[in-house]
Each structure stands twice: as C-alpha cells, then as structure tokens.
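Asker: I'd like to ask some things about the structure below.
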Amino acid sequence: MKKLLIIAILFFGCMNPEDPIIDEEILPTVIIPTIGFCRDVDIRDSILVAANDENGYMVVSINENLDFEILYEAELDPLLHADRVKISDLYNYFLVLDVRDVIVKVDFADFSSISSVLPSPDSENRPDDTRSFVIDETDPNLLRLYSLWIENDHSEIYKRNYWYEDISNPDSIVFFDFLDANSHQDFYNSNAQELYLSDSLLSIANSQLGVIVLRKDGNGDLTELSRFDTPLSSEVETVFSVGNIIFSGLSYNGGCYAVELDLTTGEVADSVDFASGYSVNGIYGDENLIVLACGYDGVLLYRWNSDLNNVEFVAKLVSQGYAYKVKLEESNVFVATRNGIEIFEIER
C-alpha cells in the first residue's frame with residue numbers, strides 16, 4: 001500500500017497543471033501520401049499545395065467531402081528542396097521556398113511552369129540561407145515579399161516589392177518589376193527561424209532571444225514595436241498571431257507561450273503558457289481555435305475564443321508521422337507530416 005502511495009505521489013506530483021489531460025483523441029479522416037517528407041501545406045478553396053522536401057511540390061484538388069485528386073507532383077532541381085509554400089489570396093499562383101534560398105512562383109494555369117522570384121542559387125546576391133517568407137497583398141497591384149535571410153552571424157529581413165504587369169487575368173499574373181530591392185533590417189539572431197504576418201504585425205521567431213514584433217506601415221516599411229522573452233530556456237521555433245495576440249511555439253518541451261500586446265506602447269499586457277511538455281513546430285488558428293503541430297506527439301487542439309484567460313484543451317489529433325506544420329480551414333485540420341498530408345475533421 002505504501003509503495004502504491006509513493007508511486008501516486010511521484011506521478012501526480014510531477015504533472016504540470018497546464019499539461020493537457022488526453023481524454024479525447026481524433027484519428028485522421030484522410031491521408032494523402034507524399035513521396036518525400038511533407039514540410040509545409042497551404043490551402044485555398046479547393047486547391048491544396050504541399051512542400052515535399054527533396055521531391056518538390058504537390059498540387060491536390062479536394063472537395064468538401066475530402067475526396068481528392070492529385071493534379072501535379074513536381075520535382076524541382078535535384079539540388080533544390082521545397083520547404084515552405086504560400087498560396088496567393090488574390091490570384092491563381094503560389095510561392096515555394098527552397099532550402100537553397102530560392103523562392104519560385106508557380107501558376108495554377110500550368111503547375112509545371114516555374115519562375116524564380118528571389119535570386120537563383122548561382123546568383124551573387126543570394127544569402128547564406130533563407131529560413132522563411134511572408135507576403136503582403138494589401139495592394140492588389142503590388143506584391144510585397146518579406147524573407148528572412150541568414151548572413152554569417154546575424155539574420156536580415158529582406159523586403160522586395162513586385163508590381164503586377166496585368167491583373168485582369170488572375171490565372172496569368174506576371175511580376176513586372178521590383179522596387180526597394182535592397183531594403184534590409186539586420187538586427188536579428190542568426191538562429192531566427194520564422195516570420196508570420198497578420199494585418200500590420202510581422203512577428204519573428206528569434207530562437208533563444210524570444211520574439212520580435214515589427215509594425216508595417218502603409219508603405220510596407222517596418223519599425224520595431226516590441227520584443228519579449230519566453231519562459232524557461234526554450235527556443236522559439238515558430239510564431240503565429242491573431243490581432244494583437246502573439247503565439248510562440250517553443251522547443252525543448254516548452255509548449256506554447258502567448259502574449260497580448262499593447263499596440264500603443266508595445267508592452268506585454270497579458271500572457272499565458274500552455275501545452276507544457278510538448279515541443280511545438282507549427283501553430284495555426286483563428287479567433288476560436290488554436291492548433292499546435294508537435295512532432296512525434298501529433299497535434300494538439302485548443303479552444304480560446306480570443307481570451308487568453310480561457311485557453312481550454314479540446315483534443316489530441318493522432319498523427320501517423322512527425323508533424324511539421326498545420327493549417328486550419330473551417331472544420332478541417334491539415335497537417336504536414338513525414339508520411340504525407342493528414343486531414344482531421346473536428347467539431348467547431
């Protein structure tokens with residue numbers, strides 16, 4: 001009896017009260033296999049695009065019943081690997097980030113047609129490494145592209161503005177020219193991992209130095225609004241934001257740390273940490289739900305309803321492979337994993 005009591009004390013005493021108690025698990029409804037590791041996924045309407053590492057990108061058509069058809073599987077150059085993908089919200093093309101620092105544009109009209117956006121691998125103007133990128137489509141005539149460049153012992157945010165040649169045909173958008181080709185801001189950690197842009201706030205996952213938040217003005221220029229540390233010794237791997245709420249995903253089982261920023265002063269007005277005991281690779285969500293991609297631990301679903309004081313664990317989504325990134329689209333969660341694209345149906 002004493003042994004049982006000691007074991008119970010050790011077990012429950014070591015539990016963090018914010019660790020989720022897993023009482024509901026959800027299995028994937030659909031798994032779309034990929035040849036390589038699926039590093040990232042994006043969806044718009046019925047088009048799903050996956051970044052499949054050394055196997056390039058894949059384009060999938062999917063309907064509301066989750067019936068799917070693979071429209072295209074592409075290998076880039078054998079030396080180029082697809083790591084991130086972003087579909088334009090306005091026009092029929094998407095951008096793919098290659099780990100050798102090229103960002104390429106692909107049109108819906110011809111999924112095999114690839115044009116370089118950022119410098120090619122043999123360009124003298126290429127960085128040592130490109131970790132992440134985001135796009136700003138506030139002006140329908142202009143694409144603002146922000147990329148996170150790693151240069152020696154620091155990182156830079158590189159802004160490039162592209163004019164569209166003709167927007168009358170959304171299926172055939174041509175980048176005419178660019179401005180501000182040398183717009184840099186270079187005071188970030190060399191281990192910075194990711195960018196996320198929402199409204200006027202651009203957040204930087206600045207590794208062991210926490211999070212930096214920049215404010216974007218009407219011309220697309222950036223000024224620092226805030227920087228804050230995260231709890232414990234975890235490094236920031238990923239960032240996401242909704243309004244003035246910044247979510248950061250932490251390594252070394254640090255979970256997720258969320259703060260509410262005062263948009264006037266940049267000070268942290270409120271904060272909460274949750275999912276303790278999990279390493280978070282990707283975050284996505286909306287005003288009601290937050291989804292965390294946690295590697296081999298699968299995906300965690302939380303309800304928060306725009307209130308940091310009421311973050312509630314909902315369910316664990318049991319991934320069949322290592323979960324890199326995640327997207328939430330209505331009642332479906334799309335997860336980029338080493339086994340392919342996993343799709344979970346959830347209740348809103």
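In the structure tokens, chains take letters A, B, ... by order of appearance, with residues numbered from 1 within each chain and ligands from 1 in the order shown.
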Can you pull out every residue within 12 Å of A:Cys294, counting only C-alpha atoms, but drop anything in the same chain fewer than 3 positions away, and send it as a count of residues only?

Answerer: 38

Asker: Would you give me, as an MDAnalysis selection string, the residues in stretch 38-265 of chain A that DSSP reads as strand (DSSP E)?

Answerer: chainID A and resid 40:44 47:51 57:62 68:74 82:87 93:98 103:107 110:116 129:136 142:151 154:164 175:188 194:198 201:205 211:216 222:228 236:242 245:250 255:261

Asker: Now that the selection is made, can you save its residues with C-alpha atoms as a compact mmCIF listing (two decimals), in the first residue's frame?

Answerer:
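The new file again_9.txt reads:
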# COMPACT_ATOMS: atom_id res chain seq x y z
CA ASP A 40 4.51 22.51 -45.18
CA VAL A 41 1.00 22.76 -46.58
CA ASP A 42 -1.35 25.54 -47.66
CA ILE A 43 -4.93 25.53 -48.90
CA ARG A 44 -7.21 27.97 -50.70
CA ILE A 47 -6.58 23.73 -54.05
CA LEU A 48 -4.10 22.20 -51.64
CA VAL A 49 -0.34 22.63 -52.12
CA ALA A 50 2.34 20.69 -50.25
CA ALA A 51 6.07 21.37 -49.97
CA TYR A 57 5.81 20.37 -54.52
CA MET A 58 2.49 18.63 -54.97
CA VAL A 59 -0.86 20.15 -56.00
CA VAL A 60 -4.10 18.47 -54.94
CA SER A 61 -7.73 19.20 -55.74
CA ILE A 62 -10.01 18.49 -52.77
CA PHE A 68 -9.10 14.39 -53.52
CA GLU A 69 -7.23 14.17 -56.81
CA ILE A 70 -3.51 14.72 -57.24
CA LEU A 71 -3.19 17.26 -60.03
CA TYR A 72 0.56 17.55 -60.14
CA GLU A 73 3.68 16.20 -58.47
CA ALA A 74 6.82 18.10 -59.32
CA ALA A 82 10.83 22.60 -51.15
CA ASP A 83 10.46 23.69 -47.54
CA ARG A 84 7.64 26.27 -47.35
CA VAL A 85 4.63 27.12 -49.52
CA LYS A 86 2.17 30.03 -49.67
CA ILE A 87 -0.84 30.37 -51.99
CA TYR A 93 -0.40 31.26 -58.19
CA PHE A 94 1.67 30.06 -55.25
CA LEU A 95 5.21 30.58 -53.99
CA VAL A 96 7.57 27.82 -52.85
CA LEU A 97 10.63 28.37 -50.68
CA ASP A 98 13.55 26.13 -51.48
CA ILE A 103 11.61 31.37 -53.85
CA VAL A 104 9.83 30.24 -57.00
CA LYS A 105 6.43 31.19 -58.43
CA VAL A 106 4.06 28.59 -59.90
CA ASP A 107 0.86 29.46 -61.81
CA ASP A 110 0.49 25.48 -65.62
CA PHE A 111 1.75 23.71 -62.50
CA SER A 112 4.95 22.76 -64.31
CA SER A 113 5.84 26.38 -65.07
CA ILE A 114 8.37 27.70 -62.56
CA SER A 115 9.82 31.20 -62.42
CA SER A 116 12.33 32.46 -59.88
CA ASP A 129 20.29 30.69 -46.02
CA THR A 130 16.63 31.67 -46.34
CA ARG A 131 14.56 30.41 -43.43
CA SER A 132 11.10 31.82 -44.04
CA PHE A 133 9.00 34.27 -46.06
CA VAL A 134 5.64 36.03 -45.88
CA ILE A 135 3.68 38.04 -48.42
CA ASP A 136 1.61 41.22 -48.13
CA LEU A 142 1.59 45.02 -55.75
CA LEU A 143 3.14 42.02 -54.01
CA ARG A 144 5.34 42.77 -51.01
CA LEU A 145 7.61 39.86 -50.21
CA TYR A 146 9.44 39.72 -46.87
CA SER A 147 12.03 36.98 -46.45
CA LEU A 148 14.24 36.00 -43.52
CA TRP A 149 17.85 35.83 -44.71
CA ILE A 150 20.68 34.37 -42.66
CA GLU A 151 24.02 36.08 -43.20
CA HIS A 154 23.05 37.58 -37.97
CA SER A 155 19.77 37.50 -39.88
CA GLU A 156 18.07 40.10 -42.04
CA ILE A 157 14.56 40.82 -43.19
CA TYR A 158 14.76 41.47 -46.91
CA LYS A 159 11.83 43.30 -48.49
CA ARG A 160 11.16 43.21 -52.19
CA ASN A 161 8.17 44.87 -53.88
CA TYR A 162 6.85 43.42 -57.15
CA TRP A 163 4.44 45.24 -59.44
CA TYR A 164 1.96 43.08 -61.29
CA PHE A 175 5.68 40.06 -61.99
CA PHE A 176 6.73 43.11 -63.97
CA ASP A 177 9.49 44.64 -61.88
CA PHE A 178 10.52 45.26 -58.32
CA LEU A 179 11.35 48.19 -56.06
CA ASP A 180 13.28 48.50 -52.81
CA ALA A 181 15.49 45.58 -53.75
CA ASN A 182 17.99 46.45 -51.04
CA SER A 183 15.62 47.12 -48.16
CA HIS A 184 17.16 45.31 -45.17
CA GLN A 185 16.79 45.23 -41.41
CA ASP A 186 19.58 43.26 -39.83
CA PHE A 187 19.46 43.19 -36.04
CA TYR A 188 18.19 39.65 -35.51
CA GLU A 194 10.35 32.01 -38.94
CA LEU A 195 8.20 35.00 -39.90
CA TYR A 196 4.45 35.47 -39.60
CA LEU A 197 2.47 38.44 -40.94
CA SER A 198 -1.05 39.27 -39.84
CA LEU A 201 2.20 43.00 -37.38
CA LEU A 202 5.17 40.95 -38.55
CA SER A 203 6.43 38.54 -35.88
CA ILE A 204 9.86 36.91 -35.82
CA ALA A 205 10.67 33.65 -34.06
CA VAL A 211 10.11 37.10 -30.16
CA ILE A 212 10.39 40.39 -32.05
CA VAL A 213 7.28 42.11 -33.37
CA LEU A 214 7.54 44.72 -36.12
CA ARG A 215 4.79 47.09 -37.26
CA LYS A 216 4.23 47.55 -41.00
CA LEU A 222 8.90 48.07 -40.81
CA THR A 223 9.60 49.52 -37.38
CA GLU A 224 10.07 47.62 -34.14
CA LEU A 225 7.04 47.55 -31.85
CA SER A 226 8.04 45.01 -29.23
CA ARG A 227 10.41 42.27 -28.22
CA PHE A 228 9.87 39.83 -25.38
CA VAL A 236 11.23 29.95 -30.24
CA GLU A 237 10.67 27.72 -33.28
CA THR A 238 7.50 29.20 -34.75
CA VAL A 239 5.15 32.19 -34.41
CA PHE A 240 1.52 32.97 -35.21
CA SER A 241 -0.75 35.91 -34.42
CA VAL A 242 -4.41 36.90 -34.26
CA ILE A 245 -2.20 38.25 -29.64
CA ILE A 246 1.18 36.66 -30.47
CA PHE A 247 1.60 32.88 -30.11
CA SER A 248 5.09 31.39 -29.99
CA GLY A 249 5.90 27.69 -30.27
CA LEU A 250 8.83 26.57 -28.12
CA GLY A 255 4.90 24.28 -25.17
CA CYS A 256 3.20 27.44 -26.39
CA TYR A 257 3.58 30.95 -24.95
CA ALA A 258 1.00 33.58 -25.91
CA VAL A 259 1.04 37.30 -25.12
CA GLU A 260 -1.34 40.20 -25.59
CA LEU A 261 0.50 43.30 -26.79

Asker: By how many Å are atom CA of A:Ile290 and atom CA of A:Asp67 apart?

Answerer: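 Computed distance, atom CA of A:Ile290 to atom CA of A:Asp67, equals 25.2 Å.
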
Asker: Let me make sure I understand: among A:Asp221, A:Glu24, A:Asn169, A:Gln320, which one has the smallest atom-to-atom distance to A:Gly340 if we use only C-alpha atoms?

Answerer: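 Ranking A:Asp221, A:Glu24, A:Asn169, A:Gln320 by distance to A:Gly340, first place goes to A:Gln320.
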
Asker: Excluding A:Ser306 and residues on its chain fewer than 4 positions from it, collect all residues at most 9 Å away from it, counting only C-alpha atoms, and give them as a ChimeraX atom specification.

Answerer: /A:242,245,286-289,310-311

Asker: Store the residues picked out above, limited to C-alpha atoms, as a short mmCIF file (atom, residue, chain, number, x, y, z; two decimals), in the first residue's frame.

Answerer:
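part-v3.cif was written with the following content:
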data_model
loop_
_atom_site.label_atom_id
_atom_site.label_comp_id
_atom_site.auth_asym_id
_atom_site.auth_seq_id
_atom_site.Cartn_x
_atom_site.Cartn_y
_atom_site.Cartn_z
CA VAL A 242 -4.41 36.90 -34.26
CA ILE A 245 -2.20 38.25 -29.64
CA ASP A 286 -8.40 31.72 -35.67
CA GLU A 287 -10.39 33.68 -33.09
CA ASN A 288 -11.82 30.45 -31.64
CA LEU A 289 -9.32 27.60 -32.06
CA ASN A 310 -9.75 30.88 -21.09
CA VAL A 311 -7.46 28.61 -23.12
#

Asker: Under the rule that only C-alpha atoms are counted, which of A:Asn339, A:Asn206, A:Thr264, A:Ser234 is the nearest residue to A:Pro33?

Answerer: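 Distance minimum relative to A:Pro33 lands on A:Asn339.
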
Asker: Figure out the distance between atom CA of A:Asp45 and atom CA of A:Asp166, please, to one decimal in Å.

Answerer: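 Computing it gives 23.0 Å between the two atoms.
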
Asker: By how many Å are atom CA of A:Asp199 and atom CA of A:Asp139 apart?

Answerer: 12.6 Å

Asker: In terms of the shortest atom-to-atom distance over only C-alpha atoms, which of A:Leu209, A:Arg338, A:Ser331, A:Ala269 is closest to A:Glu64?

Answerer: A:Ser331
